[in-house]
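**Q** I have a structure I would like to understand better, so I am pasting it below and will then ask my questions one at a time.
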Number of protein chains: 2
Amino acid sequence: VASESPTLRLPTGMRDFAPRAAAERRRIAETLLGVFERWGFSRVITPAFEYEDVLALGLGTSGRAAAIRFVEPSSGQVVALRPDITPQIARLIATRFQEEPGPVRLCYEGTVVRLERGARGQRELIQAGVELARVAGPHGDAEVIALAAAALAATGLASPTIDLGHLGLAREVLGALELPPEATEEVRGRIAKRDGAGLESLLRGARGSKAAARFAALLPELSGPPSILQKAIKQAPSDGVRRALADLARIVAAVEQREIPARLHIDLGEVRGFDYYTGLRFQGYAEGAGQAVLGGGRYDDLLGRYGQPSPAVGFAVDVEVAAAALEAAHAAHAPVNGTLNGNGAAATNGASAVAGSVLVAGPASAALRHADELRSGGRRVAVDLVGLPPGALEAYARRWGFSEVIRVKNGKAGSEASGVRARKSRGA
Amino acid sequence: VASESPTLRLPTGMRDFAPRAAAERRRIAETLLGVFERWGFSRVITPAFEYEDVLALGLGTSGRAAAIRFVEPSSGQVVALRPDITPQIARLIATRFQEEPGPVRLCYEGTVVRLERGARGQRELIQAGVELARVAGPHGDAEVIALAAAALAATGLASPTIDLGHLGLAREVLGALELPPEATEEVRGRIAKRDGAGLESLLRGARGSKAAARFAALLPELSGPPSILQKAIKQAPSDGVRRALADLARIVAAVEQREIPARLHIDLGEVRGFDYYTGLRFQGYAEGAGQAVLGGGRYDDLLGRYGQPSPAVGFAVDVEVAAAALEAAHAAHAPVNGTLNGNGAAATNGASAVAGSVLVAGPASAALRHADELRSGGRRVAVDLVGLPPGALEAYARRWGFSEVIRVKNGKAGSEASGVRARKSRGA
């Protein structure tokens, strides 16, 4: 309804969140942080941009391509907006927690900006994530997978699935093919797209291990319940692949020791991701979301790039994807009439109705005093500052999520109780 | 203690916040947002950067000089990191709330980046603020001043002072001097620095109203309790100045009708600020902070620059200044021994000790199960994933803010109660 002037457009991938959408995103982010903190993770804050060469240490090739760079006016040096917070946390651990033997449990929430492939534009995302450093092996992996499941469940996402893959395995198999880098990238893409035919024709050009090529051809299909790991191990073309599969099997066993509110799914065809992953790679999916709600994995080389070799594992939730999944789930289960009250544009103005929130009208000093009293009881209260007429007052309350309108009729101190007439507003 | 490698430096004005500092900044920001929301303001989220020409509509000259600009890779257009969120909210109101008669009450929290004067570098700030649009006059001003006082008090800042000035008055007086723009800027600077002698020598060169020059010379001293407004009105050199002073007096009267947890101070020598202010300009100060903790004012022209003329007033808190003021106040009142426990570097690792938070050690499956139980009761719980020896376990708990260590001795299900030995860790 609100037609924006063309001159007031925003850059691609950048957007405003009006109250209802903003409140939902804040709710999701704060729920996630609450779970992370209940699991003993401590929150840190890192800057929006850094020197590009410092950030690039951790980002690797694909991460660097996702970073928006510009020249810092004061120094003439190249800086980059963070496309990912994990390398910043790695830098922080390597510099500020040098003497902490660990485990180091940190969490964060913040905005990142990523250039999309092909540079058609960028996307600003809100991320909330955790990093667990100085814990090697399956128990560390299982800890963050269990935390990922608990965090998704806490936001309200029903029956999430955690897909497990292994970047060590992918690297081992792709390396053994001995293809030139571009062809390797193409093989990676075909596997990820489950393009069996395209993959086989590419693999015919591989000069390397025939066993590796046969195994690579199977990867798009090696997707299913954890039991498929046994099948995969039988077909493993090398000790390196067997080790990676055994690692994954131990991680699954460690997770299955715990009761987690998510289903595990193995997907050995998931061979993409930031360059820094070394072992486990996982993604969380929820009903109603096409994209992964969260992504993470193990990156045992990342801290070393900042001078402090140390194992680490973590994940980040894409708050926008989580919000979209929750919205889709909500729409699917909402009554046919939906929640709009026939006043579509205006209804989107306000925050969602807040139970017990009050709009107070009447003579200024009495209304203000009554508002202060209600607020000190913890309620959300606004005063009608402009003297809205009766019908407009209720409509305003509906548009802005006030569940009640109170008219103070008598301005005298001490007479609030008798002077107040409480009245439920109809909608909101 | 942790000496950063020189190659891992951060750009000027950018910093990491380790757990203790991050927790305090989050506490402040969330406290502020909680108060804003209790006053009926709805939270919105705006993007980290925008097209420079769109942002510049609202920023004016000084705001534009504070914005870091760069070229958007996909379009070749110039974008700017927001140095201030207020123009974004003005754009949002003008485009998304066109049909809302108001009042529009919005609040926000976010990071802005500002180039410092002289381009020695930039500064990243966390801001939390409010905008109240479509309410003209003293009652709107009084509402946000009272909210500013309530918000500062809620963060724990003792006896804040709100300084009130008037940009309309400053503009009227400076304009009447008929000085060239650079000289006007210099007059503004001398007034703000209370440099009476420098100011008088500059004013001697003014070709305009002698009465205005006499009044301008008084401005550095027109600072004190609200009663000084009467003195100022007697000396007002023009109707415009009298109107501005009468406006300020009405705002003071409207604020004084309410009980606010702050002291009002008039400062007619406060003549700087973002170009968009038109009337009231105010700043909040707290013991222990050299800089203003918050700044705001009325900007009745700003929404018009986005095509929707409408009165508006608001303020933003600088979360970093608030944190510094609280730290200074805390240090001033802390016992001589302070809070460090002789283990300085390590003590700064963790979050502040969280009462009732637990580190659970023992056989993995029993420890994990016990942790889940404690967490479902809302407690902050981490599991010792690496098998720390006894002394190290307590030290780890102290460093990371766990107030209790629990050892699960018996892994059998159903025996948790007898198998658990609770023990307070000594420090943290």
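If you're wondering about the labels, chains in the structure tokens are A, B, ... by order shown, residues count from 1 in each chain, ligands from 1 in order shown.
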Specify as a compact mmCIF listing (two decimals) with C-alpha atoms, in the first residue's frame all residues of chain A found within 6 Å of chain B, counting only C-alpha atoms.
**A**
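Ended up saving to selection.txt:
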```txt
# COMPACT_ATOMS: atom_id res chain seq x y z
CA ALA A 2 2.78 2.40 0.94
CA GLU A 4 7.88 4.07 -2.00
CA LEU A 8 14.06 6.38 -1.79
CA LEU A 10 17.43 0.69 -0.85
CA MET A 14 19.19 -4.38 2.21
CA ARG A 15 15.85 -3.93 3.90
CA ASP A 16 13.89 -2.29 6.68
CA PHE A 17 11.94 -4.35 9.17
CA ALA A 18 8.69 -2.77 10.30
CA PRO A 19 7.61 -3.40 13.92
CA ALA A 22 11.47 -6.63 13.65
CA ARG A 38 22.16 -21.44 29.17
CA TRP A 39 24.67 -23.86 27.62
CA GLY A 40 27.50 -21.85 29.15
CA SER A 42 29.60 -16.24 26.73
CA ARG A 43 28.58 -13.51 24.38
CA VAL A 44 31.15 -11.40 22.55
CA ILE A 45 30.84 -8.48 20.12
CA THR A 46 33.11 -8.00 17.08
CA PRO A 47 33.34 -5.03 14.70
CA GLU A 50 38.15 -5.13 9.59
CA VAL A 54 43.25 -9.84 8.54
CA PHE A 70 36.43 -0.47 0.41
CA SER A 74 41.90 7.72 7.19
CA THR A 95 44.63 -13.00 20.40
CA ARG A 96 42.57 -12.47 23.57
CA ALA A 119 27.83 -9.98 -7.97
CA ARG A 120 24.17 -9.31 -8.74
CA GLY A 121 24.05 -7.70 -5.35
CA ALA A 351 3.83 -4.45 16.81
CA ARG A 380 3.56 -1.51 28.09
CA VAL A 381 1.80 1.85 28.18
CA ALA A 382 1.52 4.85 25.87
```
**Q** Could you name the residues that touch region 160-166 of chain B at 8 Å or less, counting only C-alpha atoms, but leaving out those on the same chain fewer than 6 positions away, as an MDAnalysis selection string?
**A** chainID B and resid 145 149 152:153 244:245 248 261:271 278:287
**Q** What gap, in Å, lies between CA of Ala128 (chain B) and CA of Val317 (chain B)?
**A**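 Distance reported for this atom pair: 5.3 Å.
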**Q** Have a look at CA of Leu157 (chain A) and CA of Pro138 (chain A) and let me know their distance in Å, one decimal.
**A**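 Going from CA of Leu157 (chain A) over to CA of Pro138 (chain A) covers 25.8 Å.
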**Q** What is the CA of Ala146 (chain B)-CA of Ala324 (chain B) distance in Å, reported with one decimal?
**A** 22.7 Å
**Q** I'd like to know which residues of region 71-316 of chain B are strand (DSSP E) (by DSSP, run on the backbone); could you write them as a PyMOL selection string?
**A** chain B and resi 71+78-81+104-115+122-133+161-166+223-224+263-267+280-285+294-298+312-316
**Q** Go through B:Thr184, B:Thr86, B:Ser310, B:Ser201 one by one, measure the shortest atom-to-atom distance of each to Gly60 (chain B) using only C-alpha atoms, and give the residue with the smallest value.
**A** B:Thr86
**Q** Find the residues near region 173-181 of chain A: any atom within 12 Å, counting only C-alpha atoms, skip ones fewer than 6 places away on the same chain, and give them as a PyMOL selection string.
**A** chain A and resi 166-167+187-189+191+202-219+236-242+244-245+268-269+271-272
